[in-house]
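Participant: Supplied structure: start_34.cif, mmCIF, C-alpha atoms.
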```cif
data_model
loop_
_atom_site.group_PDB
_atom_site.id
_atom_site.type_symbol
_atom_site.label_atom_id
_atom_site.label_comp_id
_atom_site.auth_asym_id
_atom_site.auth_seq_id
_atom_site.Cartn_x
_atom_site.Cartn_y
_atom_site.Cartn_z
ATOM 1 C CA ASP A 1 100.680 182.817 92.650
ATOM 2 C CA ASN A 2 103.590 183.949 90.474
ATOM 3 C CA ASP A 3 105.528 185.627 93.288
ATOM 4 C CA LYS A 4 107.390 182.329 93.917
ATOM 5 C CA PRO A 5 108.177 180.800 90.524
ATOM 6 C CA GLU A 6 110.721 178.457 92.128
ATOM 7 C CA GLU A 7 107.922 176.736 94.044
ATOM 8 C CA CYS A 8 105.551 173.890 93.006
ATOM 9 C CA LYS A 9 101.957 175.103 93.427
ATOM 10 C CA VAL A 10 100.786 171.665 94.690
ATOM 11 C CA CYS A 11 103.306 170.623 97.353
ATOM 12 C CA PHE A 12 104.828 174.130 97.844
ATOM 13 C CA ASP A 13 108.334 172.671 97.774
ATOM 14 C CA ASN A 14 111.061 174.304 95.693
ATOM 15 C CA PHE A 15 111.975 172.796 92.353
ATOM 16 C CA ASP A 16 115.360 171.095 92.008
ATOM 17 C CA GLU A 17 117.249 169.279 89.282
ATOM 18 C CA ALA A 18 116.963 165.795 90.815
ATOM 19 C CA LEU A 19 113.786 164.746 92.653
ATOM 20 C CA ARG A 20 111.434 167.713 92.073
ATOM 21 C CA ARG A 21 112.240 168.872 88.579
ATOM 22 C CA PRO A 22 109.825 171.380 86.956
ATOM 23 C CA CYS A 23 107.662 169.490 84.455
ATOM 24 C CA SER A 24 105.249 171.175 82.004
ATOM 25 C CA LEU A 25 101.719 169.954 81.298
ATOM 26 C CA PRO A 26 100.115 170.364 77.846
ATOM 27 C CA CYS A 27 98.114 173.303 79.239
ATOM 28 C CA GLY A 28 101.390 175.136 79.982
ATOM 29 C CA HIS A 29 101.394 175.015 83.763
ATOM 30 C CA THR A 30 104.413 173.583 85.578
ATOM 31 C CA PHE A 31 104.575 171.285 88.621
ATOM 32 C CA CYS A 32 107.244 169.094 90.204
ATOM 33 C CA THR A 33 107.754 165.527 88.985
ATOM 34 C CA VAL A 34 106.749 164.031 92.379
ATOM 35 C CA CYS A 35 103.291 165.629 92.272
ATOM 36 C CA ILE A 36 102.775 164.640 88.626
ATOM 37 C CA VAL A 37 103.706 161.014 89.455
ATOM 38 C CA ASP A 38 100.970 161.048 92.136
ATOM 39 C CA MET A 39 98.461 162.383 89.571
ATOM 40 C CA ILE A 40 99.312 159.590 87.120
ATOM 41 C CA LYS A 41 99.227 156.956 89.867
ATOM 42 C CA ASN A 42 95.769 158.067 91.108
ATOM 43 C CA SER A 43 94.361 158.400 87.544
ATOM 44 C CA GLN A 44 93.400 162.029 88.311
ATOM 45 C CA PHE A 45 95.514 163.816 85.740
ATOM 46 C CA THR A 46 93.835 167.229 85.895
ATOM 47 C CA CYS A 47 95.768 170.488 86.054
ATOM 48 C CA PRO A 48 95.475 171.863 89.614
ATOM 49 C CA THR A 49 95.676 175.448 88.291
ATOM 50 C CA CYS A 50 93.346 175.649 85.277
ATOM 51 C CA ARG A 51 91.551 172.285 85.822
ATOM 52 C CA ALA A 52 92.339 171.145 82.280
ATOM 53 C CA ASP A 53 91.728 167.406 81.881
ATOM 54 C CA HIS A 54 94.793 165.528 80.637
ATOM 55 C CA ASN A 55 93.566 161.978 81.323
ATOM 56 C CA THR A 56 93.141 161.412 77.579
ATOM 57 C CA LEU A 57 96.927 161.389 77.225
ATOM 58 C CA ALA A 58 96.989 157.963 78.956
ATOM 59 C CA LEU A 59 100.403 158.637 80.448
ATOM 60 C CA THR A 60 102.141 155.888 82.413
ATOM 61 C CA ASP A 61 105.442 157.588 83.263
ATOM 62 C CA VAL A 62 106.426 161.129 84.184
ATOM 63 C CA THR A 63 109.292 160.989 81.677
ATOM 64 C CA GLN A 64 106.705 161.303 78.895
ATOM 65 C CA LEU A 65 106.264 164.973 79.830
ATOM 66 C CA PRO A 66 108.888 167.632 78.973
ATOM 67 C CA ILE A 67 111.147 169.207 81.601
ATOM 68 C CA ASN A 68 110.757 172.984 81.810
ATOM 69 C CA TYR A 69 114.411 173.865 81.259
ATOM 70 C CA GLY A 70 113.511 177.523 80.959
ATOM 71 C CA MET A 71 112.082 177.439 84.489
ATOM 72 C CA GLU A 72 115.221 175.739 85.771
ATOM 73 C CA SER A 73 117.438 178.346 84.106
ATOM 74 C CA PHE A 74 115.269 181.172 85.418
ATOM 75 C CA ILE A 75 115.421 179.859 88.973
ATOM 76 C CA ARG A 76 119.212 179.444 88.795
ATOM 77 C CA ARG A 77 119.542 182.977 87.521
ATOM 78 C CA LEU A 78 117.103 184.239 90.164
ATOM 79 C CA LYS A 79 118.994 182.639 93.004
ATOM 80 C CA GLY A 80 122.416 183.164 91.505
ATOM 81 C CA VAL A 81 123.281 179.583 92.354
ATOM 82 C CA SER A 82 122.395 176.183 90.934
ATOM 83 C CA LEU A 83 119.429 174.281 92.347
ATOM 84 C CA LYS A 84 120.420 171.710 94.957
ATOM 85 C CA PRO A 85 118.888 168.179 95.032
ATOM 86 C CA ALA A 86 116.296 167.705 97.793
ATOM 87 C CA GLN A 87 117.631 166.583 101.209
ATOM 88 C CA THR A 88 121.264 166.815 100.044
ATOM 89 C CA LYS A 89 123.811 168.446 102.322
ATOM 90 C CA ALA A 90 126.058 171.193 100.974
ATOM 91 C CA PRO A 91 129.350 169.746 99.760
ATOM 92 C CA THR A 92 132.270 170.131 102.135
ATOM 93 C CA LYS A 93 134.735 170.035 99.268
ATOM 94 C CA PRO A 94 134.936 172.260 96.184
ATOM 95 C CA PRO A 95 132.858 170.938 93.262
ATOM 96 C CA GLN A 96 134.795 168.698 90.946
ATOM 97 C CA ASP A 97 132.593 169.077 87.839
ATOM 98 C CA GLY A 98 131.663 172.744 87.638
ATOM 99 C CA PRO A 99 129.359 174.925 89.733
ATOM 100 C CA ARG A 100 126.569 172.288 90.004
ATOM 101 C CA GLY A 101 128.724 169.567 91.612
ATOM 102 C CA ILE A 102 128.121 166.780 89.044
ATOM 103 C CA SER A 103 128.013 166.711 85.273
ATOM 104 C CA LYS A 104 124.891 166.698 83.150
ATOM 105 C CA LYS A 105 125.636 163.131 82.115
ATOM 106 C CA LEU A 106 125.685 161.979 85.738
ATOM 107 C CA ARG A 107 122.491 163.901 86.440
ATOM 108 C CA SER A 108 120.871 162.189 83.491
ATOM 109 C CA LEU A 109 121.883 158.793 84.868
ATOM 110 C CA LEU A 110 120.581 159.821 88.287
ATOM 111 C CA GLN A 111 117.229 160.835 86.821
ATOM 112 C CA GLU A 112 117.053 157.537 84.936
ATOM 113 C CA GLU A 113 117.607 155.552 88.145
ATOM 114 C CA MET A 114 114.985 157.637 89.950
ATOM 115 C CA ASN A 115 112.467 156.904 87.231
ATOM 116 C CA LYS A 116 113.219 153.182 87.559
ATOM 117 C CA VAL A 117 112.640 153.324 91.320
ATOM 118 C CA ILE A 118 109.371 155.230 90.853
ATOM 119 C CA SER A 119 108.219 152.636 88.292
ATOM 120 C CA LEU A 120 109.077 149.813 90.708
ATOM 121 C CA ILE A 121 107.099 151.485 93.489
ATOM 122 C CA THR A 122 104.102 151.696 91.158
ATOM 123 C CA ALA A 123 104.528 148.021 90.230
ATOM 124 C CA CYS A 124 104.692 147.082 93.920
ATOM 125 C CA ASP A 125 101.425 148.905 94.582
ATOM 126 C CA GLU A 126 99.796 147.067 91.677
ATOM 127 C CA LYS A 127 100.949 143.635 92.897
ATOM 128 C CA LEU A 128 99.930 144.400 96.472
ATOM 129 C CA SER A 129 96.453 145.260 95.216
ATOM 130 C CA GLN A 130 96.303 141.979 93.268
ATOM 131 C CA LEU A 131 97.496 140.034 96.325
ATOM 132 C CA GLY A 132 94.756 141.641 98.406
ATOM 133 C CA LYS A 133 92.066 140.516 95.948
ATOM 134 C CA TYR A 134 93.541 137.029 95.692
ATOM 135 C CA GLY A 135 93.747 136.795 99.489
ATOM 136 C CA LYS A 136 89.988 137.440 99.714
ATOM 137 C CA LYS A 137 89.358 134.594 97.265
ATOM 138 C CA VAL A 138 91.594 132.256 99.289
ATOM 139 C CA LYS A 139 89.676 133.122 102.472
ATOM 140 C CA GLY A 140 86.421 132.355 100.666
ATOM 141 C CA LEU A 141 87.756 128.946 99.592
ATOM 142 C CA LYS A 142 88.859 128.223 103.150
ATOM 143 C CA THR A 143 85.390 129.090 104.446
ATOM 144 C CA GLY A 144 83.827 126.728 101.890
ATOM 145 C CA HIS A 145 86.107 123.868 102.927
ATOM 146 C CA ASN A 146 85.333 124.488 106.607
ATOM 147 C CA LEU A 147 81.598 124.284 105.871
ATOM 148 C CA LEU A 148 82.106 121.070 103.921
ATOM 149 C CA GLU A 149 84.173 119.622 106.765
ATOM 150 C CA ASP A 150 81.395 120.450 109.260
ATOM 151 C CA ARG A 151 78.827 118.685 107.072
ATOM 152 C CA LEU A 152 81.031 115.637 106.638
ATOM 153 C CA ASN A 153 81.617 115.471 110.397
ATOM 154 C CA GLY A 154 77.853 115.582 110.893
ATOM 155 C CA LEU A 155 77.407 112.710 108.469
ATOM 156 C CA LEU A 156 80.081 110.715 110.283
ATOM 157 C CA GLU A 157 78.216 111.178 113.570
ATOM 158 C CA GLN A 158 74.960 110.059 111.975
ATOM 159 C CA ASN A 159 76.680 107.038 110.440
ATOM 160 C CA LYS A 160 78.080 106.162 113.856
ATOM 161 C CA ALA A 161 74.581 106.230 115.354
ATOM 162 C CA ALA A 162 73.224 104.078 112.505
ATOM 163 C CA LYS A 163 76.069 101.604 112.957
ATOM 164 C CA GLU A 164 75.267 101.308 116.674
ATOM 165 C CA LEU A 165 71.653 100.574 115.771
ATOM 166 C CA VAL A 166 72.730 97.820 113.365
ATOM 167 C CA GLU A 167 74.991 96.304 116.030
ATOM 168 C CA GLN A 168 72.087 96.298 118.482
ATOM 169 C CA GLU A 169 69.933 94.540 115.920
ATOM 170 C CA GLU A 170 72.703 92.011 115.306
ATOM 171 C CA THR A 171 72.792 91.158 119.001
ATOM 172 C CA SER A 172 68.979 90.938 119.075
ATOM 173 C CA VAL A 173 68.960 88.555 116.090
ATOM 174 C CA GLU A 174 71.531 86.316 117.739
ATOM 175 C CA ASP A 175 69.528 86.204 120.982
ATOM 176 C CA MET A 176 66.272 85.488 119.175
ATOM 177 C CA SER A 177 67.928 82.803 117.059
ATOM 178 C CA THR A 178 69.182 81.094 120.204
ATOM 179 C CA GLU A 179 65.716 81.358 121.743
ATOM 180 C CA GLY A 180 64.152 79.975 118.555
ATOM 181 C CA GLU A 181 66.457 76.962 118.540
ATOM 182 C CA GLU A 182 65.503 76.233 122.149
ATOM 183 C CA GLU A 183 61.776 76.563 121.349
ATOM 184 C CA LYS A 184 62.177 74.203 118.414
ATOM 185 C CA GLN A 185 63.793 71.616 120.638
ATOM 186 C CA GLN A 186 61.017 72.015 123.220
ATOM 187 C CA LEU A 187 58.359 71.586 120.508
ATOM 188 C CA GLN A 188 60.080 68.462 119.248
ATOM 189 C CA ALA A 189 60.003 67.092 122.799
ATOM 190 C CA VAL A 190 56.291 67.956 123.103
ATOM 191 C CA LEU A 191 55.609 66.267 119.775
ATOM 192 C CA GLU A 192 57.379 63.134 120.966
ATOM 193 C CA CYS A 193 55.259 63.113 124.155
ATOM 194 C CA LEU A 194 52.069 63.534 122.149
ATOM 195 C CA ASN A 195 53.111 60.662 119.939
ATOM 196 C CA THR A 196 53.678 58.301 122.893
ATOM 197 C CA VAL A 197 50.524 58.962 124.970
ATOM 198 C CA ASN A 198 49.150 55.662 126.373
ATOM 199 C CA SER A 199 46.880 56.783 129.221
ATOM 200 C CA LEU A 200 44.395 59.476 130.158
ATOM 201 C CA GLN A 201 46.843 61.039 132.611
ATOM 202 C CA GLU A 202 49.553 61.191 129.972
ATOM 203 C CA PHE A 203 46.997 62.695 127.580
ATOM 204 C CA HIS A 204 46.120 65.592 129.942
ATOM 205 C CA THR A 205 49.779 66.206 130.757
ATOM 206 C CA ALA A 206 50.851 66.213 127.095
ATOM 207 C CA ILE A 207 47.990 68.547 126.100
ATOM 208 C CA GLU A 208 48.843 71.014 128.874
ATOM 209 C CA ASP A 209 52.546 70.980 127.936
ATOM 210 C CA ALA A 210 51.683 71.440 124.259
ATOM 211 C CA ASP A 211 49.350 74.396 124.997
ATOM 212 C CA ARG A 212 51.903 76.062 127.266
ATOM 213 C CA ARG A 213 54.706 75.572 124.777
ATOM 214 C CA SER A 214 52.493 76.833 121.917
ATOM 215 C CA VAL A 215 51.860 80.111 123.751
ATOM 216 C CA VAL A 216 55.583 80.653 124.282
ATOM 217 C CA THR A 217 56.436 79.747 120.711
ATOM 218 C CA GLU A 218 53.697 81.953 119.251
ATOM 219 C CA ASP A 219 55.027 84.851 121.325
ATOM 220 C CA TRP A 220 58.503 84.236 119.905
ATOM 221 C CA ILE A 221 57.106 84.127 116.361
ATOM 222 C CA HIS A 222 55.307 87.438 116.969
ATOM 223 C CA LYS A 223 58.548 89.049 118.146
ATOM 224 C CA CYS A 224 60.280 87.786 115.008
ATOM 225 C CA GLN A 225 57.548 89.301 112.851
ATOM 226 C CA GLU A 226 57.989 92.659 114.597
ATOM 227 C CA GLN A 227 61.723 92.443 113.959
ATOM 228 C CA PHE A 228 61.152 91.802 110.251
ATOM 229 C CA SER A 229 58.617 94.632 110.015
ATOM 230 C CA LYS A 230 61.083 97.108 111.557
ATOM 231 C CA ARG A 231 63.701 95.955 109.081
ATOM 232 C CA GLU A 232 61.362 96.647 106.163
ATOM 233 C CA HIS A 233 60.527 100.196 107.297
ATOM 234 C CA CYS A 234 63.913 101.341 108.590
ATOM 235 C CA PRO A 235 66.372 102.455 105.828
ATOM 236 C CA HIS A 236 69.288 101.852 108.206
ATOM 237 C CA LEU A 237 68.412 98.138 108.329
ATOM 238 C CA SER A 238 67.527 97.666 104.661
ATOM 239 C CA GLU A 239 69.820 96.003 102.140
ATOM 240 C CA GLY A 240 72.476 98.378 100.792
ATOM 241 C CA ALA A 241 71.785 100.927 103.542
ATOM 242 C CA GLY A 242 75.486 101.481 104.147
ATOM 243 C CA GLU A 243 76.011 102.327 100.470
ATOM 244 C CA HIS A 244 73.081 104.610 99.688
ATOM 245 C CA GLN A 245 72.156 106.597 102.769
ATOM 246 C CA VAL A 246 74.282 109.612 101.770
ATOM 247 C CA GLY A 247 73.537 111.491 98.571
ATOM 248 C CA PRO A 248 70.655 112.953 96.511
ATOM 249 C CA GLY A 249 67.369 111.118 96.919
ATOM 250 C CA HIS A 250 68.292 109.534 100.281
ATOM 251 C CA ASP A 251 67.844 112.456 102.648
ATOM 252 C CA THR A 252 64.096 112.180 103.317
ATOM 253 C CA HIS A 253 64.346 109.805 106.302
ATOM 254 C CA ARG A 254 62.562 111.412 109.235
ATOM 255 C CA GLY A 255 63.331 108.866 111.972
ATOM 256 C CA CYS A 256 61.573 105.531 111.348
ATOM 257 C CA CYS A 257 61.984 104.366 114.946
ATOM 258 C CA HIS A 258 63.099 105.749 118.286
ATOM 259 C CA SER A 259 66.588 104.269 117.857
ATOM 260 C CA CYS A 260 67.263 105.748 114.424
ATOM 261 C CA PRO A 261 69.578 108.789 114.092
ATOM 262 C CA PRO A 262 68.183 112.087 112.754
ATOM 263 C CA PRO A 263 68.152 112.576 108.946
ATOM 264 C CA PRO A 264 71.456 113.694 107.380
ATOM 265 C CA GLY A 265 71.791 117.227 105.999
ATOM 266 C CA ARG A 266 71.475 117.793 102.277
ATOM 267 C CA LEU A 267 74.879 117.207 100.777
ATOM 268 C CA SER A 268 75.912 116.036 97.319
ATOM 269 C CA LEU A 269 79.256 115.487 95.652
ATOM 270 C CA HIS A 270 78.901 118.599 93.461
ATOM 271 C CA HIS A 271 79.823 120.651 96.547
ATOM 272 C CA LEU A 272 83.357 119.326 96.151
ATOM 273 C CA GLY A 273 83.461 120.636 92.597
ATOM 274 C CA GLU A 274 82.237 124.066 93.649
ATOM 275 C CA ILE A 275 84.951 124.322 96.305
#
```
Once you've parsed the file, please lay out its structure as structure tokens.
Facilitator:
Amino acid sequence: DNDKPEECKVCFDNFDEALRRPCSLPCGHTFCTVCIVDMIKNSQFTCPTCRADHNTLALTDVTQLPINYGMESFIRRLKGVSLKPAQTKAPTKPPQDGPRGISKKLRSLLQEEMNKVISLITACDEKLSQLGKYGKKVKGLKTGHNLLEDRLNGLLEQNKAAKELVEQEETSVEDMSTEGEEEKQQLQAVLECLNTVNSLQEFHTAIEDADRRSVVTEDWIHKCQEQFSKREHCPHLSEGAGEHQVGPGHDTHRGCCHSCPPPPGRLSLHHLGEI
């Protein structure tokens, strides 16, 4: 493994003095800064050569580790030329600041900017991860609101059916009231006839009219009693039905009559607080 000292033993790229500088671990082995940044980022800071665990150092930036200047000097001496930055074309003009093209001060500034960019990339990854988790929570909230909307729509449909039933009963009450007024007038007429009977023929006629009218009136009274009984047993027709049919304790209605809507689903206001 030591036949190519100018090469990083992880990525097998040559060291340089810009992007892939030789950086020494506490165990003494040297790797390029790009590979070490990946180790720190993945929280797997173990030496690839001797497997020494360096996670206890709790490093957050590659600049916390020393540059192996001896390795850089050795490689320059070995090649007889200075190391070139990765993916940089050979200069077409003679160097202006010595054999390495730029001064040490400029290289230091370049390394500082690179470290800033690497730190920003790491920060972007962190925020993207947080956005992913938050996005899952938002989707969960949306699902909860959709479920609540479905339940509310179901309650609206049931309320519509109950309202139709009440309107039918309103029409029935009006019809029966009209019929009752007519029966009352007929009974008053029968009573007047009974009160003015003066002959046997008038007697038989008045009795027959009274019996016939009594049957009709008793039938009307029976229908009224059925109407009142249905009102007593149907929650949709009871007093305050429009105010109390939805909520805890009012979801046990199983269909009191053939016209009643099915019972509403269990829903209470605390669902709004949960969502």
Participant: Between CA of Ser43 in chain A and CA of Gln130 in chain A, what is the spacing in Å?
Facilitator: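 Separating CA of Gln130 in chain A from CA of Ser43 in chain A is a distance of 17.5 Å.
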Participant: What's the 12 Å shell around Asn42 in chain A, counting only C-alpha atoms, without same-chain residues fewer than 3 positions away, as a list in words?
Facilitator: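 In the requested form, the answer reads Cys35, Ile36, Val37, Asp38, Met39, Phe45, Thr46, Asn55, Leu59, Thr60, Thr122, Asp125 and Glu126 of chain A.
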Participant: Could you jot down the CA of Leu155 in chain A to CA of Val138 in chain A separation for me, Å, one decimal place?
Facilitator: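 Distance between the two atoms: 25.8 Å.
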Participant: Contacts of range 116-119 of chain A at 9 Å or less, counting all atoms listed in the file, minus same-chain residues fewer than 5 places along, as a list in words?
Facilitator: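 After dropping sequence-adjacent residues, the list is Val37, Asp61, Gln111 and Cys124 of chain A.
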Participant: Assuming 8 Å of padding per side, give the centre and edge lengths of the axis-aligned box around every listed atom of range 26-43 of chain A, in Å to one decimal and as AutoDock Vina command-line options.
Facilitator:
```
--center_x 101.1 --center_y 166.0 --center_z 85.1 --size_x 29.4 --size_y 34.2 --size_z 30.5
```
Participant: Can you spell out as a count of residues only the set of residues that the PyMOL selection byres ((chain A and resi 9) around 10) selects in the structure I just provided?
Facilitator: 19
Participant: Using all atoms listed in the file, pick whichever of A:Leu78, A:Ser103, A:Val215, A:Cys23 has the shortest atom-to-atom distance to Gln64 in chain A.
Facilitator: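 When distances to Gln64 in chain A are compared using all atoms listed in the file, the smallest one comes from A:Cys23.
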Participant: Rounded to one decimal, what separation in Å do you get between CA of Asn68 in chain A and CA of Ser24 in chain A?
Facilitator: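 That distance, rounded to one decimal, is 5.8 Å.
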Participant: What would the selection look like, as a list in words, if the PyMOL selection byres ((chain A and resi 181-190) around 9) were run on the coordinates I just shared?
Facilitator: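 In the shown coordinates, the PyMOL selection byres ((chain A and resi 181-190) around 9) covers Met176, Ser177, Thr178, Glu179, Gly180, Leu191, Glu192, Cys193, Leu194, Asn195, Ala206, Ile207, Asp209, Ala210, Arg213, Ser214, Val216, Thr217 and Trp220 of chain A.
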Participant: With distances taken over only C-alpha atoms, which residue among A:Pro26, A:Arg76, A:Gly70, A:Ser129 lies nearest Asp53 in chain A?
Facilitator: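 Distance minimum relative to Asp53 in chain A lands on A:Pro26.
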Participant: Can you give me N, CA and C atoms for range 125-144 of chain A, written as a short mmCIF file (atom, residue, chain, number, x, y, z; two decimals), in the frame of the given file?
Facilitator:
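And here's part-v3.cif as it stands now:
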```cif
data_model
loop_
_atom_site.label_atom_id
_atom_site.label_comp_id
_atom_site.auth_asym_id
_atom_site.auth_seq_id
_atom_site.Cartn_x
_atom_site.Cartn_y
_atom_site.Cartn_z
N ASP A 125 102.80 148.56 94.20
CA ASP A 125 101.42 148.90 94.58
C ASP A 125 100.42 148.05 93.81
N GLU A 126 100.70 147.86 92.51
CA GLU A 126 99.80 147.07 91.68
C GLU A 126 99.74 145.62 92.16
N LYS A 127 100.92 145.03 92.45
CA LYS A 127 100.95 143.64 92.90
C LYS A 127 100.33 143.47 94.28
N LEU A 128 100.54 144.47 95.15
CA LEU A 128 99.93 144.40 96.47
C LEU A 128 98.41 144.42 96.37
N SER A 129 97.90 145.22 95.43
CA SER A 129 96.45 145.26 95.22
C SER A 129 95.95 143.91 94.72
N GLN A 130 96.69 143.29 93.78
CA GLN A 130 96.30 141.98 93.27
C GLN A 130 96.36 140.92 94.37
N LEU A 131 97.39 140.99 95.22
CA LEU A 131 97.50 140.03 96.32
C LEU A 131 96.33 140.18 97.29
N GLY A 132 95.90 141.42 97.52
CA GLY A 132 94.76 141.64 98.41
C GLY A 132 93.50 140.98 97.87
N LYS A 133 93.25 141.13 96.55
CA LYS A 133 92.07 140.52 95.95
C LYS A 133 92.16 139.00 95.99
N TYR A 134 93.36 138.48 95.68
CA TYR A 134 93.54 137.03 95.69
C TYR A 134 93.39 136.46 97.10
N GLY A 135 93.88 137.23 98.10
CA GLY A 135 93.75 136.79 99.49
C GLY A 135 92.29 136.64 99.90
N LYS A 136 91.41 137.55 99.40
CA LYS A 136 89.99 137.44 99.71
C LYS A 136 89.41 136.16 99.11
N LYS A 137 89.85 135.82 97.89
CA LYS A 137 89.36 134.59 97.26
C LYS A 137 89.81 133.37 98.06
N VAL A 138 91.07 133.38 98.51
CA VAL A 138 91.59 132.26 99.29
C VAL A 138 90.79 132.08 100.58
N LYS A 139 90.48 133.21 101.24
CA LYS A 139 89.68 133.12 102.47
C LYS A 139 88.30 132.53 102.18
N GLY A 140 87.72 132.91 101.03
CA GLY A 140 86.42 132.35 100.67
C GLY A 140 86.49 130.85 100.44
N LEU A 141 87.57 130.39 99.79
CA LEU A 141 87.76 128.95 99.59
C LEU A 141 87.91 128.22 100.92
N LYS A 142 88.67 128.84 101.84
CA LYS A 142 88.86 128.22 103.15
C LYS A 142 87.53 128.09 103.89
N THR A 143 86.70 129.14 103.80
CA THR A 143 85.39 129.09 104.45
C THR A 143 84.54 127.96 103.87
N GLY A 144 84.59 127.80 102.53
CA GLY A 144 83.83 126.73 101.89
C GLY A 144 84.27 125.35 102.35
#
```
